[in-house]
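Trainee: The structure's right below; bear with me while I get my questions together.
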Amino acid sequence: MKFAFYTLGCKVNQYETQAMQRMLAERGHMIGEFDEVCDGYIINTCSVTAVSDKKSRNMIRRARAKNPQAVIGVCGCYAQAAPDEVNALGVDVMVGTADRAEFVEHMLLAAQERQSWQKVCPAGEARTFEILPAGGLFERTRALLKVEDGCNNFCTYCIIPYTRGRVRSMELNEAVRQAVALREAGYREIVINGIEISSWGWERHDGSTLRQLVAALCEAVPDVRIRLGSLEPRTIDAEFCRALCGFENLCPQFHLSLQSGSDAVLKRMHRKYDTARFYESVRLLREYFPGCAVTTDLIVGFPGETEAEFSESLEFMRRCKLAQVHIFPYSRRRGTPAATMPGQLTSAEKAARAEKAAQTAQELEQSYRQAMAGSVQEVLFEQPEGEYFTGHAKNYVKVYVKAQDAALHNTVRGVRVLEPYADGVLAELV
């Protein structure tokens, strides 16, 4: 049989989709494209914003229209948060944010015997970390390795703790085993991800920390790049930096979740740091990892955000000299404390602030890329784009080299950066 996937949302969803694709392929089934007529369609949903919910519903309807006889399976955060809404769309198989292997088994049963099945357990129930196969089916250079699930932070704007449940972690030895297997499969870079990887090992209450995991992975696969997913600023202290700065294969790109550059807004968001602590993290990273890229996320238009507080955020972005900033207008999520806070901004106000913040972010990104001119960088080459071959430097800046040599694919080569170009930099091989 042929199955197609559509994945919304974060890298955790991407990882879980790749795992389900492998499960089906190993059973002898084909993986098709979503716009093809297939026997089954799986929509891996996201619920981080109202737009994500809408996209999830649209893709369910689109799959049903493509082949009315196909089995439609839905999983992920939207299914966990709003199972009745998903049910109303006439899906055959549904699961929330757990039990991916069981979900795949029931997709096959539904396709063969028309047996519908649903299982959406409350996210607050105790869960164990589900071991899934890492690595995709298709030719890739970079692999995702999910080492953690769940979140205990309960930021006032975020639905994820209510859909993903509490923190649970992959055992260190299993993470090392999977990293070694990915190296043997030919991957040159592994991205360590999860819902909140800074909390890796927290539930064991035995002193396990993310830096121990990262050190073990760097040691286990010294010829493979290790890149970290999003980090809580509190993770970055002198001990973290001293323990990891000696690993050549740890990519010097650190994504620290900021969300606001105003202390008053951070307090309303229930973030567990202030701007002084965030800035200290940035300072430490630049001390121990010279030239590193510090990237972040910013939410604009949070309930009650004044013009002065918004201006504080822009000024703090500039002070931190961030290499890249992802801008998100605040999205009201039913069931979160922020949804009922006073001072909700209009869509027009949020859009205007997002546009202004994006301009500042673009200036900062251009400045960081301009500072790379003349430097020599190691690039993992990925694919041809027109007259160029492109890849990413260790700091995750996209690099364009004028070449059409297919042998560059999945190789790490030194380049000299010439100047900013398009959404990255132009360079030459050295």
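Simple scheme: letters A, B, ... for chains in structure tokens order, numbers from 1 for residues in each chain, numbers from 1 for ligands in the order shown.
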Excluding range 22-24 of chain A and its own-chain neighbours fewer than 3 positions away, which residues fall within 10 Å of it when counting only C-alpha atoms? Please give them as a VMD selection string.

Mentor: chain A and resid 1 to 3 16 to 19 27 to 31 100 to 101 104 to 105 107 to 108 132 to 138

Trainee: Could you list, as an MDAnalysis selection string, every residue within 8 Å of range 327-343 of chain A, counting only C-alpha atoms and ignoring same-chain residues fewer than 5 positions away?

Mentor: chainID A and resid 48:50 156:159 269 297:305 350:351 353:354 357:358

Trainee: Write out, as a CSV table (one decimal), in the first residue's frame, the residues just selected, with C-alpha atoms.

Mentor:
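So selection_21.csv came out as:
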chain,number,residue,atom,x,y,z
A,48,VAL,CA,0.9,26.1,18.7
A,49,THR,CA,-1.2,28.8,17.0
A,50,ALA,CA,-4.7,29.2,15.7
A,156,THR,CA,1.1,31.5,30.2
A,157,TYR,CA,0.8,31.7,26.4
A,158,CYS,CA,1.7,28.1,25.5
A,159,ILE,CA,-0.6,25.1,24.9
A,269,MET,CA,4.6,35.2,30.3
A,297,ASP,CA,12.3,33.6,19.0
A,298,LEU,CA,10.3,36.7,19.8
A,299,ILE,CA,6.6,37.0,20.5
A,300,VAL,CA,5.1,40.4,19.8
A,301,GLY,CA,1.8,41.7,20.9
A,302,PHE,CA,1.5,39.7,24.1
A,303,PRO,CA,-1.5,40.8,26.1
A,304,GLY,CA,-0.9,44.1,27.8
A,305,GLU,CA,2.3,44.8,25.8
A,350,LYS,CA,0.2,42.7,16.3
A,351,ALA,CA,0.9,42.6,12.6
A,353,ARG,CA,4.7,45.2,15.5
A,354,ALA,CA,5.7,41.9,13.8
A,357,ALA,CA,10.4,43.6,14.6
A,358,ALA,CA,11.2,41.7,11.4

Trainee: So which residues of range 287-400 of chain A fall under helix (DSSP H, G or I) by DSSP, listed as number ranges by chain?

Mentor: A: 287-288, 307-320, 337-340, 347-371

Trainee: Could I get the residues of range 195-301 of chain A with an atom no further than 12 Å from an atom of range 408-420 of chain A, each paired with its nearest atom pair and that distance in Å to one decimal, using only C-alpha atoms, sorted by chain and residue number, as CSV?

Mentor:
residue,atom,partner,partner_atom,distance
A:Asp223,CA,A:Val412,CA,10.4
A:Val224,CA,A:Val412,CA,10.1
A:Arg225,CA,A:Val412,CA,10.1
A:Asn249,CA,A:Val412,CA,11.9

Trainee: Please identify which residues in range 152-281 of chain A DSSP calls strand (DSSP E) from the backbone, and express them as a VMD selection string.

Mentor: chain A and resid 168 to 169 189 to 194 225 to 228 253 to 255

Trainee: Pick out the residues sitting within 7 Å of range 91-97 of chain A, and hand them over as a PyMOL selection string; count only C-alpha atoms, and ignore anything fewer than 2 positions along from it in its own chain.

Mentor: chain A and resi 71-77+79-80+87+89+103+106-107+116-120+163-164

Trainee: Between CA of Val191 in chain A and CA of Ala406 in chain A, what is the distance, to one decimal in Å?

Mentor: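 Between CA of Val191 in chain A and CA of Ala406 in chain A the gap works out to 24.0 Å.
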
Trainee: Please provide the set of residues having any atom within 8 Å of Ile190 in chain A, restricted to only C-alpha atoms, with same-chain residues fewer than 4 positions apart removed, written as a list in words.

Mentor: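 Close residues of Ile190 in chain A: Arg142, Ala143, Leu144, Leu145, Ala179, Leu182, Val224, Arg225, Ile226 and Arg227 of chain A.
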
Trainee: Could you tell me which of A:Leu314, A:Val397, A:Leu258, A:Ala63 comes closest to Lys356 in chain A if we count only C-alpha atoms?

Mentor: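 Of A:Leu314, A:Val397, A:Leu258, A:Ala63, the one nearest Lys356 in chain A is A:Leu314, counting only C-alpha atoms.
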
Trainee: So how far away is CA of Glu171 in chain A from CA of Asn152 in chain A, in Å?

Mentor: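 So the two atoms, CA of Asn152 in chain A and CA of Glu171 in chain A, lie 18.7 Å apart.
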
Trainee: Show me, as a PDB file with all heavy atoms, in the first residue's frame, the residues that have an atom within 10 Å of Gly424 in chain A when counting only C-alpha atoms, minus same-chain residues fewer than 6 positions from it.

Mentor:
ATOM      1  N   GLU A 365      20.614  40.241  11.277  1.00  0.00           N
ATOM      2  CA  GLU A 365      21.079  39.087  10.511  1.00  0.00           C
ATOM      3  C   GLU A 365      22.073  39.518   9.440  1.00  0.00           C
ATOM      4  O   GLU A 365      23.108  38.872   9.237  1.00  0.00           O
ATOM      5  CB  GLU A 365      19.889  38.371   9.876  1.00  0.00           C
ATOM      6  CG  GLU A 365      20.257  37.072   9.193  1.00  0.00           C
ATOM      7  CD  GLU A 365      19.024  36.286   8.752  1.00  0.00           C
ATOM      8  OE1 GLU A 365      17.905  36.655   9.108  1.00  0.00           O
ATOM      9  OE2 GLU A 365      19.217  35.284   8.024  1.00  0.00           O
ATOM     10  N   GLN A 366      21.770  40.624   8.769  1.00  0.00           N
ATOM     11  CA  GLN A 366      22.672  41.132   7.739  1.00  0.00           C
ATOM     12  C   GLN A 366      24.014  41.524   8.347  1.00  0.00           C
ATOM     13  O   GLN A 366      25.085  41.257   7.776  1.00  0.00           O
ATOM     14  CB  GLN A 366      22.039  42.338   7.039  1.00  0.00           C
ATOM     15  CG  GLN A 366      22.847  42.904   5.877  1.00  0.00           C
ATOM     16  CD  GLN A 366      22.782  42.027   4.639  1.00  0.00           C
ATOM     17  OE1 GLN A 366      22.139  40.986   4.649  1.00  0.00           O
ATOM     18  NE2 GLN A 366      23.448  42.452   3.575  1.00  0.00           N
ATOM     19  N   ARG A 369      26.047  38.358   9.106  1.00  0.00           N
ATOM     20  CA  ARG A 369      26.584  37.742   7.893  1.00  0.00           C
ATOM     21  C   ARG A 369      27.689  38.599   7.279  1.00  0.00           C
ATOM     22  O   ARG A 369      28.651  38.075   6.721  1.00  0.00           O
ATOM     23  CB  ARG A 369      25.447  37.493   6.890  1.00  0.00           C
ATOM     24  CG  ARG A 369      24.522  36.373   7.333  1.00  0.00           C
ATOM     25  CD  ARG A 369      23.573  35.944   6.242  1.00  0.00           C
ATOM     26  NE  ARG A 369      22.350  36.735   6.238  1.00  0.00           N
ATOM     27  CZ  ARG A 369      21.838  37.323   5.184  1.00  0.00           C
ATOM     28  NH1 ARG A 369      22.442  37.247   4.008  1.00  0.00           N
ATOM     29  NH2 ARG A 369      20.712  37.993   5.263  1.00  0.00           N
ATOM     30  N   GLN A 370      27.542  39.917   7.387  1.00  0.00           N
ATOM     31  CA  GLN A 370      28.581  40.802   6.868  1.00  0.00           C
ATOM     32  C   GLN A 370      29.890  40.597   7.622  1.00  0.00           C
ATOM     33  O   GLN A 370      30.983  40.605   7.036  1.00  0.00           O
ATOM     34  CB  GLN A 370      28.129  42.255   7.015  1.00  0.00           C
ATOM     35  CG  GLN A 370      29.116  43.270   6.446  1.00  0.00           C
ATOM     36  CD  GLN A 370      29.245  43.177   4.933  1.00  0.00           C
ATOM     37  OE1 GLN A 370      28.250  43.300   4.207  1.00  0.00           O
ATOM     38  NE2 GLN A 370      30.457  42.931   4.437  1.00  0.00           N
ATOM     39  N   THR A 390      24.686  24.561  -2.391  1.00  0.00           N
ATOM     40  CA  THR A 390      24.462  25.200  -1.103  1.00  0.00           C
ATOM     41  C   THR A 390      24.621  24.222   0.053  1.00  0.00           C
ATOM     42  O   THR A 390      24.475  23.006  -0.109  1.00  0.00           O
ATOM     43  CB  THR A 390      23.051  25.823  -1.027  1.00  0.00           C
ATOM     44  OG1 THR A 390      22.072  24.789  -1.102  1.00  0.00           O
ATOM     45  CG2 THR A 390      22.837  26.819  -2.147  1.00  0.00           C
ATOM     46  N   GLY A 391      24.925  24.772   1.196  1.00  0.00           N
ATOM     47  CA  GLY A 391      25.023  24.001   2.421  1.00  0.00           C
ATOM     48  C   GLY A 391      24.995  24.958   3.590  1.00  0.00           C
ATOM     49  O   GLY A 391      24.682  26.142   3.439  1.00  0.00           O
ATOM     50  N   HIS A 392      25.325  24.454   4.769  1.00  0.00           N
ATOM     51  CA  HIS A 392      25.308  25.295   5.960  1.00  0.00           C
ATOM     52  C   HIS A 392      26.638  25.222   6.692  1.00  0.00           C
ATOM     53  O   HIS A 392      27.215  24.140   6.847  1.00  0.00           O
ATOM     54  CB  HIS A 392      24.176  24.878   6.906  1.00  0.00           C
ATOM     55  CG  HIS A 392      22.824  25.307   6.425  1.00  0.00           C
ATOM     56  ND1 HIS A 392      22.113  24.579   5.479  1.00  0.00           N
ATOM     57  CD2 HIS A 392      22.059  26.385   6.732  1.00  0.00           C
ATOM     58  CE1 HIS A 392      20.970  25.187   5.234  1.00  0.00           C
ATOM     59  NE2 HIS A 392      20.913  26.276   5.992  1.00  0.00           N
ATOM     60  N   ALA A 393      27.103  26.382   7.129  1.00  0.00           N
ATOM     61  CA  ALA A 393      28.284  26.436   7.985  1.00  0.00           C
ATOM     62  C   ALA A 393      27.904  25.936   9.373  1.00  0.00           C
ATOM     63  O   ALA A 393      26.731  25.727   9.684  1.00  0.00           O
ATOM     64  CB  ALA A 393      28.813  27.864   8.042  1.00  0.00           C
ATOM     65  N   TYR A 396      25.219  27.661  11.155  1.00  0.00           N
ATOM     66  CA  TYR A 396      23.942  27.477  10.455  1.00  0.00           C
ATOM     67  C   TYR A 396      23.609  28.595   9.463  1.00  0.00           C
ATOM     68  O   TYR A 396      22.468  28.737   9.020  1.00  0.00           O
ATOM     69  CB  TYR A 396      22.774  27.259  11.418  1.00  0.00           C
ATOM     70  CG  TYR A 396      21.667  26.444  10.776  1.00  0.00           C
ATOM     71  CD1 TYR A 396      21.915  25.164  10.316  1.00  0.00           C
ATOM     72  CD2 TYR A 396      20.389  26.968  10.600  1.00  0.00           C
ATOM     73  CE1 TYR A 396      20.926  24.415   9.696  1.00  0.00           C
ATOM     74  CE2 TYR A 396      19.384  26.231   9.985  1.00  0.00           C
ATOM     75  CZ  TYR A 396      19.662  24.955   9.536  1.00  0.00           C
ATOM     76  OH  TYR A 396      18.680  24.220   8.926  1.00  0.00           O
ATOM     77  N   VAL A 397      24.584  29.382   9.091  1.00  0.00           N
ATOM     78  CA  VAL A 397      24.380  30.329   8.006  1.00  0.00           C
ATOM     79  C   VAL A 397      24.437  29.565   6.691  1.00  0.00           C
ATOM     80  O   VAL A 397      25.331  28.736   6.481  1.00  0.00           O
ATOM     81  CB  VAL A 397      25.439  31.447   8.044  1.00  0.00           C
ATOM     82  CG1 VAL A 397      25.364  32.306   6.778  1.00  0.00           C
ATOM     83  CG2 VAL A 397      25.231  32.307   9.282  1.00  0.00           C
ATOM     84  N   LYS A 398      23.484  29.842   5.809  1.00  0.00           N
ATOM     85  CA  LYS A 398      23.453  29.176   4.514  1.00  0.00           C
ATOM     86  C   LYS A 398      24.576  29.720   3.638  1.00  0.00           C
ATOM     87  O   LYS A 398      24.798  30.928   3.573  1.00  0.00           O
ATOM     88  CB  LYS A 398      22.100  29.390   3.839  1.00  0.00           C
ATOM     89  CG  LYS A 398      21.907  28.575   2.568  1.00  0.00           C
ATOM     90  CD  LYS A 398      20.485  28.709   2.042  1.00  0.00           C
ATOM     91  CE  LYS A 398      20.265  27.843   0.803  1.00  0.00           C
ATOM     92  NZ  LYS A 398      18.875  27.932   0.298  1.00  0.00           N
ATOM     93  N   VAL A 399      25.257  28.823   2.942  1.00  0.00           N
ATOM     94  CA  VAL A 399      26.416  29.188   2.129  1.00  0.00           C
ATOM     95  C   VAL A 399      26.173  28.792   0.679  1.00  0.00           C
ATOM     96  O   VAL A 399      25.750  27.667   0.390  1.00  0.00           O
ATOM     97  CB  VAL A 399      27.700  28.498   2.652  1.00  0.00           C
ATOM     98  CG1 VAL A 399      28.886  28.803   1.739  1.00  0.00           C
ATOM     99  CG2 VAL A 399      27.988  28.949   4.081  1.00  0.00           C
ATOM    100  N   TYR A 400      26.441  29.732  -0.225  1.00  0.00           N
ATOM    101  CA  TYR A 400      26.315  29.515  -1.673  1.00  0.00           C
ATOM    102  C   TYR A 400      27.712  29.497  -2.286  1.00  0.00           C
ATOM    103  O   TYR A 400      28.499  30.424  -2.083  1.00  0.00           O
ATOM    104  CB  TYR A 400      25.524  30.653  -2.321  1.00  0.00           C
ATOM    105  CG  TYR A 400      24.063  30.704  -1.974  1.00  0.00           C
ATOM    106  CD1 TYR A 400      23.627  31.211  -0.746  1.00  0.00           C
ATOM    107  CD2 TYR A 400      23.093  30.278  -2.882  1.00  0.00           C
ATOM    108  CE1 TYR A 400      22.281  31.283  -0.432  1.00  0.00           C
ATOM    109  CE2 TYR A 400      21.741  30.346  -2.572  1.00  0.00           C
ATOM    110  CZ  TYR A 400      21.343  30.850  -1.356  1.00  0.00           C
ATOM    111  OH  TYR A 400      20.005  30.915  -1.046  1.00  0.00           O
TER     112      TYR A 400
END

Trainee: Which residues are near Leu322 in chain A? Cut-off 9 Å, only C-alpha atoms, ignore same chain within fewer than 6 positions. Put them as an MDAnalysis selection string.

Mentor: chainID A and resid 293:296 361 364:365 368

Trainee: Rounded to one decimal place, report the CA of Cys320 in chain A-CA of Arg268 in chain A distance in Å.

Mentor: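 Going from CA of Cys320 in chain A over to CA of Arg268 in chain A covers 21.8 Å.
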
Trainee: Leaving out Pro252 in chain A and any residue of its chain fewer than 5 positions from it, which residues lie within 8 Å of it when counting only C-alpha atoms, given as a list of chain:residue names?

Mentor: A:Arg227, A:Phe289, A:Gly291, A:Cys292, A:Ala293, A:Lys394, A:Asn395

Trainee: Those selected residues, please, written with C-alpha atoms and delivered as an mmCIF file, in the first residue's frame.

Mentor:
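Everything below was put into selection08.cif:
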data_model
loop_
_atom_site.group_PDB
_atom_site.id
_atom_site.type_symbol
_atom_site.label_atom_id
_atom_site.label_comp_id
_atom_site.auth_asym_id
_atom_site.auth_seq_id
_atom_site.Cartn_x
_atom_site.Cartn_y
_atom_site.Cartn_z
ATOM 1 C CA ARG A 227 23.770 20.726 16.678
ATOM 2 C CA PHE A 289 32.533 30.001 21.612
ATOM 3 C CA GLY A 291 32.033 33.980 16.673
ATOM 4 C CA CYS A 292 29.077 31.772 17.591
ATOM 5 C CA ALA A 293 25.610 32.532 16.293
ATOM 6 C CA LYS A 394 28.620 25.301 11.583
ATOM 7 C CA ASN A 395 26.881 28.499 12.694
#
